file query-v4.tsv (TSV, C-alpha atoms and all ligand atoms)
chain	number	residue	atom	x	y	z
A	7	MET	CA	-107.54	-42.36	53.53
A	8	SER	CA	-106.47	-43.83	56.85
A	9	THR	CA	-102.74	-44.02	56.35
A	10	GLY	CA	-100.25	-41.67	57.89
A	11	HIS	CA	-98.27	-39.35	55.65
A	12	LEU	CA	-94.49	-39.39	56.10
A	13	THR	CA	-92.77	-36.42	54.47
A	14	ILE	CA	-89.03	-36.59	53.95
A	15	ASP	CA	-87.37	-33.23	53.43
A	16	LEU	CA	-84.44	-33.94	51.13
A	17	ALA	CA	-83.28	-30.31	51.24
A	18	ALA	CA	-82.96	-30.55	55.04
A	19	LEU	CA	-81.01	-33.82	54.61
A	20	ALA	CA	-78.56	-32.14	52.22
A	21	ASP	CA	-78.27	-29.12	54.55
A	22	ASN	CA	-77.47	-31.40	57.49
A	23	TRP	CA	-74.69	-33.06	55.50
A	24	ARG	CA	-73.29	-29.66	54.46
A	25	SER	CA	-73.29	-28.36	58.02
A	26	LEU	CA	-71.56	-31.49	59.35
A	27	ASP	CA	-69.07	-31.29	56.48
A	28	ALA	CA	-68.37	-27.64	57.37
A	29	LYS	CA	-67.37	-28.68	60.90
A	30	THR	CA	-64.28	-30.49	59.64
A	31	GLY	CA	-61.44	-29.77	57.29
A	32	VAL	CA	-61.53	-33.32	55.94
A	33	ALA	CA	-63.75	-35.39	53.65
A	34	THR	CA	-67.23	-36.28	54.87
A	35	ALA	CA	-68.87	-39.54	53.87
A	36	ALA	CA	-72.46	-40.60	54.62
A	37	VAL	CA	-73.73	-43.70	56.41
A	38	VAL	CA	-76.93	-44.94	54.74
A	39	LYS	CA	-77.30	-48.39	56.31
A	40	ALA	CA	-80.74	-49.77	57.24
A	41	ASP	CA	-82.51	-48.18	54.25
A	42	GLY	CA	-81.01	-44.75	54.89
A	43	TYR	CA	-81.94	-44.92	58.60
A	44	GLY	CA	-85.47	-45.86	57.59
A	45	LEU	CA	-86.03	-42.89	55.27
A	46	GLY	CA	-85.47	-44.65	51.92
A	47	LEU	CA	-82.07	-45.66	50.56
A	48	GLY	CA	-82.50	-44.49	46.94
A	49	PRO	CA	-83.83	-40.94	47.47
A	50	VAL	CA	-81.55	-40.37	50.47
A	51	ALA	CA	-78.38	-41.53	48.71
A	52	ARG	CA	-79.10	-39.73	45.43
A	53	THR	CA	-79.74	-36.48	47.33
A	54	LEU	CA	-76.50	-36.84	49.28
A	55	ALA	CA	-74.54	-37.67	46.12
A	56	ARG	CA	-75.89	-34.50	44.49
A	57	ALA	CA	-74.86	-32.53	47.60
A	58	GLY	CA	-71.31	-33.80	47.12
A	59	VAL	CA	-70.96	-37.11	48.99
A	60	ARG	CA	-68.37	-39.33	47.29
A	61	HIS	CA	-68.13	-42.11	49.88
A	62	PHE	CA	-71.04	-44.09	51.36
A	63	PHE	CA	-71.11	-46.72	54.09
A	64	VAL	CA	-73.62	-49.55	54.50
A	65	ALA	CA	-73.87	-52.41	57.01
A	66	ILE	CA	-74.03	-55.41	54.68
A	67	ALA	CA	-73.12	-56.30	51.10
A	68	GLU	CA	-76.78	-56.62	50.02
A	69	GLU	CA	-77.37	-52.99	50.99
A	70	GLY	CA	-74.27	-52.05	49.03
A	71	ALA	CA	-75.64	-53.75	45.91
A	72	GLU	CA	-78.95	-51.89	46.24
A	73	LEU	CA	-77.06	-48.63	46.78
A	74	ARG	CA	-74.90	-49.20	43.69
A	75	ARG	CA	-78.05	-49.71	41.62
A	76	ALA	CA	-79.39	-46.40	42.99
A	77	LEU	CA	-76.17	-44.42	42.45
A	78	GLY	CA	-74.52	-46.00	39.45
A	79	PRO	CA	-70.75	-46.18	39.11
A	80	GLY	CA	-68.50	-43.64	40.76
A	81	PRO	CA	-69.11	-43.22	44.48
A	82	GLU	CA	-67.16	-45.44	46.84
A	83	ILE	CA	-69.39	-47.86	48.78
A	84	SER	CA	-67.90	-49.45	51.89
A	85	VAL	CA	-69.39	-52.32	53.87
A	86	PHE	CA	-68.95	-52.37	57.67
A	87	SER	CA	-69.54	-56.11	58.08
A	88	GLY	CA	-66.59	-56.81	55.81
A	89	HIS	CA	-66.24	-59.88	53.62
A	90	MET	CA	-68.59	-62.65	54.78
A	91	PRO	CA	-68.89	-66.12	53.23
A	92	GLY	CA	-71.00	-65.79	50.07
A	93	ASP	CA	-70.29	-62.05	49.62
A	94	ALA	CA	-67.61	-62.27	46.92
A	95	ASP	CA	-69.96	-62.10	43.92
A	96	LEU	CA	-71.86	-59.08	45.29
A	97	LEU	CA	-68.65	-57.27	46.24
A	98	ARG	CA	-67.19	-57.83	42.77
A	99	ALA	CA	-70.30	-57.21	40.71
A	100	HIS	CA	-71.14	-53.93	42.46
A	101	GLY	CA	-67.65	-52.65	43.17
A	102	LEU	CA	-68.10	-52.65	46.97
A	103	THR	CA	-65.27	-52.15	49.44
A	104	PRO	CA	-65.46	-54.50	52.45
A	105	MET	CA	-64.05	-53.27	55.77
A	106	ILE	CA	-62.06	-56.34	56.78
A	107	ASN	CA	-62.74	-57.23	60.44
A	108	SER	CA	-60.57	-60.27	61.16
A	109	VAL	CA	-57.74	-62.48	59.93
A	110	ASP	CA	-60.36	-64.92	58.62
A	111	GLN	CA	-62.00	-62.19	56.55
A	112	MET	CA	-58.60	-61.06	55.27
A	113	LEU	CA	-57.72	-64.58	54.12
A	114	ARG	CA	-61.12	-65.03	52.51
A	115	HIS	CA	-60.75	-61.72	50.73
A	116	VAL	CA	-57.28	-62.25	49.24
A	117	GLU	CA	-58.21	-65.78	48.23
A	118	GLN	CA	-61.58	-65.01	46.63
A	119	LEU	CA	-61.08	-61.46	45.37
A	120	PRO	CA	-57.34	-60.85	44.94
A	121	ARG	CA	-56.56	-57.21	44.10
A	122	HIS	CA	-60.15	-56.13	44.94
A	123	ARG	CA	-60.39	-52.95	47.09
A	124	PHE	CA	-60.74	-53.37	50.83
A	125	GLY	CA	-60.42	-51.39	54.03
A	126	ILE	CA	-59.50	-52.42	57.55
A	127	GLN	CA	-61.69	-52.06	60.62
A	128	LEU	CA	-59.88	-52.06	63.96
A	129	ASP	CA	-61.40	-52.62	67.38
A	130	THR	CA	-60.23	-49.90	69.75
A	131	GLY	CA	-62.36	-51.00	72.70
A	132	MET	CA	-66.00	-51.25	71.64
A	133	ASN	CA	-65.61	-55.01	71.17
A	134	ARG	CA	-68.18	-55.23	68.42
A	135	LEU	CA	-66.47	-55.25	65.01
A	136	GLY	CA	-62.87	-55.00	63.89
A	137	MET	CA	-59.50	-56.62	64.43
A	138	GLU	CA	-58.17	-56.74	67.97
A	139	PRO	CA	-54.84	-54.97	68.50
A	140	ALA	CA	-52.99	-58.31	68.74
A	141	GLU	CA	-54.58	-59.57	65.53
A	142	TRP	CA	-53.65	-56.31	63.80
A	143	ALA	CA	-50.07	-56.56	65.03
A	144	ALA	CA	-49.77	-60.02	63.48
A	145	LEU	CA	-51.43	-59.09	60.19
A	146	ARG	CA	-50.39	-55.49	59.76
A	147	ASP	CA	-47.42	-55.83	57.40
A	148	ILE	CA	-49.16	-58.37	55.16
A	149	ALA	CA	-52.35	-56.31	55.09
A	150	LEU	CA	-50.54	-53.06	54.30
A	151	ARG	CA	-48.72	-54.68	51.39
A	152	GLN	CA	-52.18	-55.35	49.86
A	153	LYS	CA	-52.82	-51.56	49.92
A	154	PRO	CA	-56.02	-51.05	51.95
A	155	THR	CA	-58.01	-47.95	51.00
A	156	LEU	CA	-58.99	-46.96	54.55
A	157	ILE	CA	-58.34	-47.87	58.18
A	158	MET	CA	-61.25	-47.19	60.49
A	159	SER	CA	-62.52	-47.75	64.00
A	160	HIS	CA	-65.72	-46.78	65.82
A	161	LEU	CA	-66.30	-44.88	69.08
A	162	ALA	CA	-68.54	-46.43	71.73
A	163	CYS	CA	-69.39	-43.27	73.72
A	164	ALA	CA	-69.06	-40.36	71.27
A	165	ASP	CA	-72.48	-38.99	72.20
A	166	GLU	CA	-71.14	-38.42	75.75
A	167	PRO	CA	-68.33	-35.88	75.13
A	168	TRP	CA	-67.08	-36.04	78.73
A	169	HIS	CA	-66.74	-39.84	78.69
A	170	GLY	CA	-63.17	-41.06	79.24
A	171	MET	CA	-63.69	-43.80	76.65
A	172	ASN	CA	-63.35	-41.22	73.85
A	173	GLU	CA	-59.80	-40.22	74.76
A	174	HIS	CA	-58.96	-43.85	75.40
A	175	GLN	CA	-60.12	-45.02	71.97
A	176	LEU	CA	-58.44	-42.07	70.28
A	177	HIS	CA	-55.18	-43.02	71.97
A	178	VAL	CA	-55.49	-46.69	70.98
A	179	PHE	CA	-56.41	-45.78	67.38
A	180	LYS	CA	-53.37	-43.54	67.06
A	181	GLU	CA	-51.11	-46.18	68.57
A	182	LEU	CA	-52.35	-48.75	66.07
A	183	THR	CA	-52.19	-46.50	63.01
A	184	ASP	CA	-49.73	-43.61	63.45
A	185	GLY	CA	-47.15	-43.66	60.69
A	186	VAL	CA	-49.24	-45.87	58.43
A	187	ASP	CA	-49.66	-44.36	54.98
A	188	VAL	CA	-53.38	-45.13	54.59
A	189	PRO	CA	-56.32	-42.71	55.07
A	190	ARG	CA	-57.94	-43.07	58.49
A	191	SER	CA	-61.49	-42.64	59.83
A	192	LEU	CA	-62.70	-42.67	63.44
A	193	ALA	CA	-65.60	-40.21	63.75
A	194	ALA	CA	-69.31	-40.74	63.13
A	195	THR	CA	-71.78	-37.94	64.05
A	196	GLY	CA	-70.72	-37.82	67.70
A	197	GLY	CA	-67.02	-37.97	66.86
A	198	ILE	CA	-67.30	-34.99	64.50
A	199	LEU	CA	-68.65	-32.93	67.42
A	200	LEU	CA	-65.75	-34.03	69.67
A	201	GLY	CA	-63.40	-31.88	67.62
A	202	GLU	CA	-60.57	-31.95	65.17
A	203	ARG	CA	-58.39	-34.53	66.90
A	204	TYR	CA	-61.06	-37.12	66.10
A	205	HIS	CA	-61.46	-36.24	62.42
A	206	PHE	CA	-58.40	-37.85	60.78
A	207	ASP	CA	-58.93	-38.08	56.96
A	208	LEU	CA	-62.61	-39.00	56.67
A	209	CYS	CA	-65.68	-38.57	58.88
A	210	ARG	CA	-68.72	-40.80	58.44
A	211	PRO	CA	-71.87	-39.37	59.99
A	212	GLY	CA	-75.20	-41.16	59.97
A	213	VAL	CA	-77.85	-40.05	62.42
A	214	GLY	CA	-77.01	-36.33	62.26
A	215	LEU	CA	-77.88	-36.33	58.56
A	216	TYR	CA	-81.37	-37.56	59.38
A	217	GLY	CA	-82.10	-34.96	62.06
A	218	GLY	CA	-81.10	-36.92	65.17
A	219	GLU	CA	-79.04	-36.21	68.28
A	220	PRO	CA	-76.28	-35.72	69.18
A	221	PHE	CA	-76.19	-33.19	66.27
A	222	ASP	CA	-78.48	-30.66	67.90
A	223	GLU	CA	-78.24	-28.17	65.03
A	224	ALA	CA	-79.77	-30.75	62.69
A	225	LYS	CA	-82.84	-29.79	60.70
A	226	ALA	CA	-85.82	-32.12	61.01
A	227	VAL	CA	-85.91	-34.42	57.97
A	228	ALA	CA	-88.93	-36.62	58.71
A	229	THR	CA	-92.37	-35.22	59.50
A	230	LEU	CA	-95.35	-37.43	60.09
A	231	ASP	CA	-99.04	-36.51	59.86
A	232	LEU	CA	-101.74	-38.92	60.96
A	233	PRO	CA	-105.36	-38.79	59.79
A	234	VAL	CA	-108.06	-38.53	62.45
A	235	ILE	CA	-110.41	-41.48	62.09
A	236	GLN	CA	-112.89	-40.67	64.83
A	237	ILE	CA	-113.66	-38.04	67.48
A	238	ARG	CA	-115.80	-38.57	70.59
A	239	ASP	CA	-116.80	-36.79	73.80
A	240	LEU	CA	-116.14	-38.33	77.21
A	241	THR	CA	-117.75	-37.47	80.51
A	242	PRO	CA	-115.53	-37.29	83.60
A	243	GLY	CA	-114.71	-40.80	84.87
A	244	GLU	CA	-114.72	-42.46	81.43
A	245	THR	CA	-111.50	-44.23	80.40
A	246	VAL	CA	-109.51	-44.50	77.14
A	247	GLY	CA	-107.80	-47.47	75.55
A	248	TYR	CA	-106.40	-50.84	76.64
A	249	GLY	CA	-105.99	-51.37	80.35
A	250	ASN	CA	-108.06	-48.26	81.24
A	251	THR	CA	-104.80	-46.45	81.90
A	252	TRP	CA	-106.27	-42.96	81.41
A	253	THR	CA	-109.41	-41.52	82.99
A	254	ALA	CA	-111.06	-38.27	81.94
A	255	ALA	CA	-110.99	-35.72	84.77
A	256	ARG	CA	-113.11	-33.21	82.87
A	257	PRO	CA	-115.47	-33.34	79.90
A	258	THR	CA	-112.95	-34.40	77.23
A	259	ARG	CA	-112.93	-34.58	73.46
A	260	VAL	CA	-110.73	-37.43	72.22
A	261	ALA	CA	-109.42	-37.97	68.69
A	262	THR	CA	-108.31	-41.36	67.41
A	263	VAL	CA	-105.58	-41.28	64.74
A	264	ALA	CA	-104.24	-43.95	62.38
A	265	ALA	CA	-100.80	-45.14	63.51
A	266	GLY	CA	-99.55	-47.37	66.28
A	267	TYR	CA	-96.72	-49.52	67.40
A	268	ALA	CA	-96.94	-51.53	64.17
A	269	ASP	CA	-95.93	-48.28	62.44
A	270	GLY	CA	-92.98	-47.64	64.71
A	271	ILE	CA	-94.68	-45.46	67.30
A	272	LEU	CA	-93.26	-47.41	70.22
A	273	ARG	CA	-95.86	-48.57	72.74
A	274	GLY	CA	-93.70	-47.23	75.56
A	275	CYS	CA	-93.84	-43.65	74.35
A	276	THR	CA	-97.31	-42.78	75.68
A	277	GLY	CA	-96.18	-40.61	78.59
A	278	GLY	CA	-95.33	-37.03	77.76
A	279	ILE	CA	-95.87	-37.03	74.01
A	280	ALA	CA	-98.48	-35.09	72.10
A	281	LEU	CA	-100.12	-34.90	68.72
A	282	TYR	CA	-99.92	-31.43	67.20
A	283	SER	CA	-102.50	-29.36	65.45
A	284	GLY	CA	-100.31	-26.61	64.09
A	285	GLN	CA	-98.48	-25.29	67.16
A	286	THR	CA	-101.00	-26.68	69.66
A	287	ALA	CA	-100.04	-29.80	71.58
A	288	CYS	CA	-102.80	-32.33	72.25
A	289	PRO	CA	-101.56	-34.80	74.89
A	290	VAL	CA	-101.63	-38.48	73.94
A	291	VAL	CA	-103.93	-40.28	76.37
A	292	GLY	CA	-104.31	-44.02	76.94
A	293	ARG	CA	-101.99	-46.65	75.52
A	294	VAL	CA	-100.53	-46.65	72.03
A	295	SER	CA	-102.11	-49.69	70.38
A	296	MET	CA	-101.10	-51.56	67.22
A	297	ASP	CA	-102.79	-49.25	64.70
A	298	LEU	CA	-104.26	-46.42	66.74
A	299	ILE	CA	-103.33	-43.56	69.06
A	300	THR	CA	-105.72	-41.40	71.08
A	301	ALA	CA	-105.21	-37.77	72.05
A	302	ASP	CA	-107.04	-35.15	74.10
A	303	ILE	CA	-108.17	-32.43	71.68
A	304	THR	CA	-110.53	-30.63	74.09
A	305	ASP	CA	-108.56	-27.38	73.87
A	306	LEU	CA	-108.58	-27.16	70.06
A	307	PRO	CA	-110.98	-24.61	68.58
A	308	GLY	CA	-112.29	-27.11	65.99
A	309	ASP	CA	-112.05	-30.72	64.86
A	310	PRO	CA	-108.77	-31.50	63.06
A	311	GLU	CA	-108.64	-33.73	59.99
A	312	SER	CA	-105.13	-34.82	60.85
A	313	LEU	CA	-102.62	-34.42	63.66
A	314	SER	CA	-98.85	-34.41	63.49
A	315	ILE	CA	-96.64	-36.63	65.63
A	316	LEU	CA	-93.21	-35.75	64.15
A	317	ASN	CA	-92.40	-32.12	63.43
A	318	ARG	CA	-90.15	-29.26	64.51
A	319	LEU	CA	-91.77	-29.18	67.94
A	320	GLN	CA	-91.61	-32.94	68.60
A	321	THR	CA	-88.56	-34.65	67.13
A	322	VAL	CA	-87.53	-38.29	66.76
A	323	ASP	CA	-85.49	-37.80	69.94
A	324	ASP	CA	-88.53	-36.52	71.87
A	325	LEU	CA	-90.48	-39.64	70.86
A	326	ALA	CA	-87.47	-41.74	71.78
A	327	ASP	CA	-87.00	-40.12	75.20
A	328	ALA	CA	-90.62	-40.81	76.08
A	329	ALA	CA	-90.07	-44.50	75.32
A	330	GLY	CA	-86.62	-44.83	76.88
A	331	SER	CA	-85.14	-45.27	73.40
A	332	ILE	CA	-82.95	-43.32	70.96
A	333	GLY	CA	-83.77	-41.34	67.82
A	334	TYR	CA	-82.02	-44.00	65.71
A	335	GLU	CA	-84.61	-46.57	66.75
A	336	ILE	CA	-87.57	-44.29	66.02
A	337	LEU	CA	-86.21	-43.53	62.52
A	338	THR	CA	-85.41	-47.12	61.59
A	339	ALA	CA	-88.75	-48.34	62.96
A	340	LEU	CA	-90.85	-45.95	60.82
A	341	GLY	CA	-93.42	-48.22	59.29
A	342	HIS	CA	-94.18	-49.36	55.79
A	343	ARG	CA	-97.86	-48.43	55.94
A	344	TYR	CA	-97.17	-44.71	55.63
A	345	ARG	CA	-97.67	-42.89	52.37
A	346	ARG	CA	-94.25	-41.38	51.74
A	347	SER	CA	-93.48	-38.13	49.93
A	348	TYR	CA	-90.06	-36.75	49.22
A	349	VAL	CA	-89.81	-32.98	48.95
A	350	GLU	CA	-86.80	-31.03	47.70
B	1	LIG	C1	-73.77	-46.60	62.20
B	1	LIG	C2	-72.33	-46.34	62.13
B	1	LIG	C3	-71.85	-45.05	61.85
B	1	LIG	C4	-72.75	-43.83	61.83
B	1	LIG	O1	-73.01	-43.49	63.18
B	1	LIG	P1	-73.96	-42.29	63.60
B	1	LIG	O2	-73.90	-42.30	65.08
B	1	LIG	O3	-75.32	-42.62	63.09
B	1	LIG	O4	-73.41	-41.04	63.01
B	1	LIG	C5	-70.50	-44.89	61.64
B	1	LIG	N1	-69.64	-45.94	61.74
B	1	LIG	C6	-70.06	-47.19	62.06
B	1	LIG	C7	-69.07	-48.29	62.16
B	1	LIG	C8	-71.41	-47.43	62.29
B	1	LIG	O5	-71.83	-48.66	62.60
call {"tool": "encode", "arguments": {"input": "query-v4.tsv", "output": "structure tokens", "more": "lines below"}}
Ligand SMILES: *Cc1c(COP(=O)(O)O)cnc(C)c1O
result
Amino acid sequence: MSTGHLTIDLAALADNWRSLDAKTGVATAAVVKADGYGLGLGPVARTLARAGVRHFFVAIAEEGAELRRALGPGPEISVFSGHMPGDADLLRAHGLTPMINSVDQMLRHVEQLPRHRFGIQLDTGMNRLGMEPAEWAALRDIALRQKPTLIMSHLACADEPWHGMNEHQLHVFKELTDGVDVPRSLAATGGILLGERYHFDLCRPGVGLYGGEPFDEAKAVATLDLPVIQIRDLTPGETVGYGNTWTAARPTRVATVAAGYADGILRGCTGGIALYSGQTACPVVGRVSMDLITADITDLPGDPESLSILNRLQTVDDLADAAGSIGYEILTALGHRYRRSYVE
């Protein structure tokens, strides 16, 4: 079979949630947007619910509806994009909690779904989602009378602990919300690691659950093994792949495996990554193409049937670094051609 095999370790996922939860004295939610960061919404969310997660966050109402079908009634499901035109039926039918981002969304919400749960998202400087401080000042008393379930904001630079933006946003968030009798949430994975002052009443990690930085104690959740389709011997001076970017300097044995940029192995990540046979690294040579990757296996004692590209030795962040990207992008780009197995 020439499809890669993506193994998702649900026990590692649950362990990562427990260890993030143990870093705070407050409740810990889970962010499962974008199909559980590419690893599969249903299995990911059910595992986290069994581990004790009571509050989930998604990006859009449609994801919330799918999540409700996977989890059934009970867990709180909040939607970062808030209440968009056309969302009312989904929000009502699936008991979703929109994070209201603007006066317009607030008006839409009270008009279309009066007395339906909602939270408030404030912008404390990232300028992406949430009410501006002036908007909040104008709306605050009216909004609070409607009893929001949560007030949240998001940090722009939490993965850089020394960055002055963190203290700045913390200060703004406190100014906007101190004294308000509603649970508050500021920290995602990076914010949890910044320490207690950032934790408020609820933390909402995403990437750390799935084995990504900045949570460097995370266990690897995704491992990816790629079948070898062909092996050949090159004489010195022969080249490999599109654009002849790699030339054999010695007699070289090259293996071709089944995965490429169409499967989320970014074309830019050629330099410095390897395919692994057990603990042995076989450098990737030549360009990553759409469906194929080539690696130098000269130093292996025998011919492998498959080689691993994601494992304990080479993480999503290693692949990302090689491509000038981030672990989040590698995870969410993992392709649909892989055979997927979930292990407990
Ligand atoms: C994606 C997201 C999170 C989770 O962030 P991680 O860095 O993956 O932990 C939390 N809050 C908001 C608003 C987000 O968009």
call {"tool": "atom_distance", "arguments": {"input": "query-v4.tsv", "atom1": "atom CA of A:Ser295", "atom2": "atom CA of A:Gly44"}}
result
21.3 Å
call {"tool": "closest_residue", "arguments": {"input": "query-v4.tsv", "among": "A:Thr300, A:Ser25, A:Thr13, A:Thr30", "to": "A:Ser347", "atoms": "all atoms listed in the file"}}
result
A:Thr13
call {"tool": "residues_around", "arguments": {"input": "query-v4.tsv", "residues": "A:Ile332", "least_positions_apart": "2", "cutoff": "12 Å", "atoms": "all atoms listed in the file", "output": "list in words"}}
result
Asp165, Val213, Gly218, Glu219, Pro220, Leu272, Cys275, Thr321, Val322, Asp323, Asp324, Leu325, Ala326, Asp327, Ala328, Ala329, Gly330, Tyr334, Glu335, Ile336, Leu337, Thr338 and Ala339 of chain A
call {"tool": "closest_residue", "arguments": {"input": "query-v4.tsv", "among": "A:Glu69, A:Asp297, A:Asp15, A:Glu173", "to": "A:Asp41", "atoms": "all atoms listed in the file"}}
result
A:Glu69
call {"tool": "closest_residue", "arguments": {"input": "query-v4.tsv", "among": "A:Cys209, A:Ala94, A:Ala55, A:Ala264", "to": "A:Ala35", "atoms": "only C-alpha atoms"}}
result
A:Cys209
call {"tool": "residues_near_ligand", "arguments": {"input": "query-v4.tsv", "ligand": "ligand LIG 1 (chain B)", "cutoff": "6 Å", "atoms": "only C-alpha atoms and all ligand atoms", "output": "tab-separated table (two decimals) with C-alpha atoms, in the coordinates of the input"}}
result
chain	number	residue	atom	x	y	z
A	37	VAL	CA	-73.73	-43.70	56.41
A	160	HIS	CA	-65.72	-46.78	65.82
A	194	ALA	CA	-69.31	-40.74	63.13
A	195	THR	CA	-71.78	-37.94	64.05
A	210	ARG	CA	-68.72	-40.80	58.44
A	211	PRO	CA	-71.87	-39.37	59.99
A	212	GLY	CA	-75.20	-41.16	59.97
A	213	VAL	CA	-77.85	-40.05	62.42
A	214	GLY	CA	-77.01	-36.33	62.26
call {"tool": "closest_residue", "arguments": {"input": "query-v4.tsv", "among": "A:Val227, A:Leu340, A:Leu77, A:Ala301", "to": "A:Val260", "atoms": "all atoms listed in the file"}}
result
A:Ala301
call {"tool": "residues_around", "arguments": {"input": "query-v4.tsv", "residues": "stretch 246-251 of chain A", "least_positions_apart": "6", "cutoff": "12 Å", "atoms": "all atoms listed in the file", "output": "number ranges by chain"}}
result
A: 238-240, 258-262, 273, 276-277, 290-296, 298-302
call {"tool": "atom_distance", "arguments": {"input": "query-v4.tsv", "atom1": "atom CA of A:Ile198", "atom2": "atom CA of A:Leu102"}}
result
24.9 Å
call {"tool": "atom_distance", "arguments": {"input": "query-v4.tsv", "atom1": "atom CA of A:Asp21", "atom2": "atom CA of A:Gly196"}}
result
17.5 Å
call {"tool": "closest_residue", "arguments": {"input": "query-v4.tsv", "among": "A:Ala140, A:Ile14, A:Met112, A:Leu199", "to": "A:Trp168", "atoms": "all atoms listed in the file"}}
result
A:Leu199
call {"tool": "closest_residue", "arguments": {"input": "query-v4.tsv", "among": "A:Gly10, A:Phe221, A:Asp305, A:Asp93", "to": "A:Tyr344", "atoms": "only C-alpha atoms"}}
result
A:Gly10
call {"tool": "residues_around", "arguments": {"input": "query-v4.tsv", "residues": "A:Val178", "least_positions_apart": "3", "cutoff": "12 Å", "atoms": "only C-alpha atoms", "output": "PyMOL selection string"}}
result
chain A and resi 128-132+138-139+158-161+171-175+181-184+192
call {"tool": "residues_around", "arguments": {"input": "query-v4.tsv", "residues": "stretch 117-120 of chain A", "least_positions_apart": "4", "cutoff": "10 Å", "atoms": "all atoms listed in the file", "output": "list of chain:residue names"}}
result
A:His89, A:Pro91, A:Asp93, A:Ala94, A:Asp95, A:Leu97, A:Arg98, A:Gln111, A:Met112, A:Leu113, A:Phe124, A:Gln152
call {"tool": "residues_around", "arguments": {"input": "query-v4.tsv", "residues": "A:Gly243", "least_positions_apart": "5", "cutoff": "7 Å", "atoms": "all atoms listed in the file", "output": "tab-separated table (two decimals) with C-alpha atoms, in the coordinates of the input"}}
result
chain	number	residue	atom	x	y	z
A	253	THR	CA	-109.41	-41.52	82.99
A	254	ALA	CA	-111.06	-38.27	81.94
A	255	ALA	CA	-110.99	-35.72	84.77
call {"tool": "residues_near_point", "arguments": {"input": "query-v4.tsv", "point": "(-97.6, -24.4, 65.8)", "cutoff": "12 Å", "atoms": "all atoms listed in the file", "output": "list in words"}}
result
Leu281, Tyr282, Ser283, Gly284, Gln285, Thr286, Ala287, Cys288, Leu313, Ser314, Asn317, Arg318, Leu319 and Gln320 of chain A
call {"tool": "build_atoms", "arguments": {"input": "query-v4.tsv", "residues": "stretch 24-28 of chain A", "atoms": "all heavy atoms", "output": "PDB file, keeping the file's coordinate frame"}}
result
ATOM      1  N   ARG A  24     -74.191 -30.809  54.671  1.00  0.00           N
ATOM      2  CA  ARG A  24     -73.290 -29.660  54.460  1.00  0.00           C
ATOM      3  C   ARG A  24     -72.852 -29.084  55.796  1.00  0.00           C
ATOM      4  O   ARG A  24     -71.691 -28.724  55.956  1.00  0.00           O
ATOM      5  CB  ARG A  24     -73.994 -28.571  53.639  1.00  0.00           C
ATOM      6  CG  ARG A  24     -74.024 -28.890  52.160  1.00  0.00           C
ATOM      7  CD  ARG A  24     -74.570 -27.712  51.340  1.00  0.00           C
ATOM      8  NE  ARG A  24     -75.267 -28.234  50.186  1.00  0.00           N
ATOM      9  CZ  ARG A  24     -76.587 -28.370  50.089  1.00  0.00           C
ATOM     10  NH1 ARG A  24     -77.386 -27.970  51.072  1.00  0.00           N
ATOM     11  NH2 ARG A  24     -77.120 -28.893  49.005  1.00  0.00           N
ATOM     12  N   SER A  25     -73.740 -28.985  56.774  1.00  0.00           N
ATOM     13  CA  SER A  25     -73.290 -28.360  58.020  1.00  0.00           C
ATOM     14  C   SER A  25     -72.366 -29.293  58.812  1.00  0.00           C
ATOM     15  O   SER A  25     -71.459 -28.812  59.490  1.00  0.00           O
ATOM     16  CB  SER A  25     -74.424 -27.792  58.879  1.00  0.00           C
ATOM     17  OG  SER A  25     -75.551 -28.565  58.802  1.00  0.00           O
ATOM     18  N   LEU A  26     -72.538 -30.598  58.712  1.00  0.00           N
ATOM     19  CA  LEU A  26     -71.560 -31.490  59.350  1.00  0.00           C
ATOM     20  C   LEU A  26     -70.220 -31.416  58.620  1.00  0.00           C
ATOM     21  O   LEU A  26     -69.153 -31.371  59.238  1.00  0.00           O
ATOM     22  CB  LEU A  26     -72.088 -32.931  59.385  1.00  0.00           C
ATOM     23  CG  LEU A  26     -73.165 -33.187  60.441  1.00  0.00           C
ATOM     24  CD1 LEU A  26     -73.880 -34.510  60.176  1.00  0.00           C
ATOM     25  CD2 LEU A  26     -72.571 -33.180  61.848  1.00  0.00           C
ATOM     26  N   ASP A  27     -70.290 -31.384  57.293  1.00  0.00           N
ATOM     27  CA  ASP A  27     -69.070 -31.290  56.480  1.00  0.00           C
ATOM     28  C   ASP A  27     -68.290 -30.015  56.830  1.00  0.00           C
ATOM     29  O   ASP A  27     -67.057 -30.016  56.905  1.00  0.00           O
ATOM     30  CB  ASP A  27     -69.462 -31.299  54.996  1.00  0.00           C
ATOM     31  CG  ASP A  27     -68.258 -31.315  54.064  1.00  0.00           C
ATOM     32  OD1 ASP A  27     -67.334 -32.109  54.320  1.00  0.00           O
ATOM     33  OD2 ASP A  27     -68.240 -30.533  53.100  1.00  0.00           O
ATOM     34  N   ALA A  28     -69.026 -28.927  57.082  1.00  0.00           N
ATOM     35  CA  ALA A  28     -68.370 -27.640  57.370  1.00  0.00           C
ATOM     36  C   ALA A  28     -67.686 -27.639  58.739  1.00  0.00           C
ATOM     37  O   ALA A  28     -66.891 -26.752  59.029  1.00  0.00           O
ATOM     38  CB  ALA A  28     -69.405 -26.513  57.307  1.00  0.00           C
TER      39      ALA A  28
END
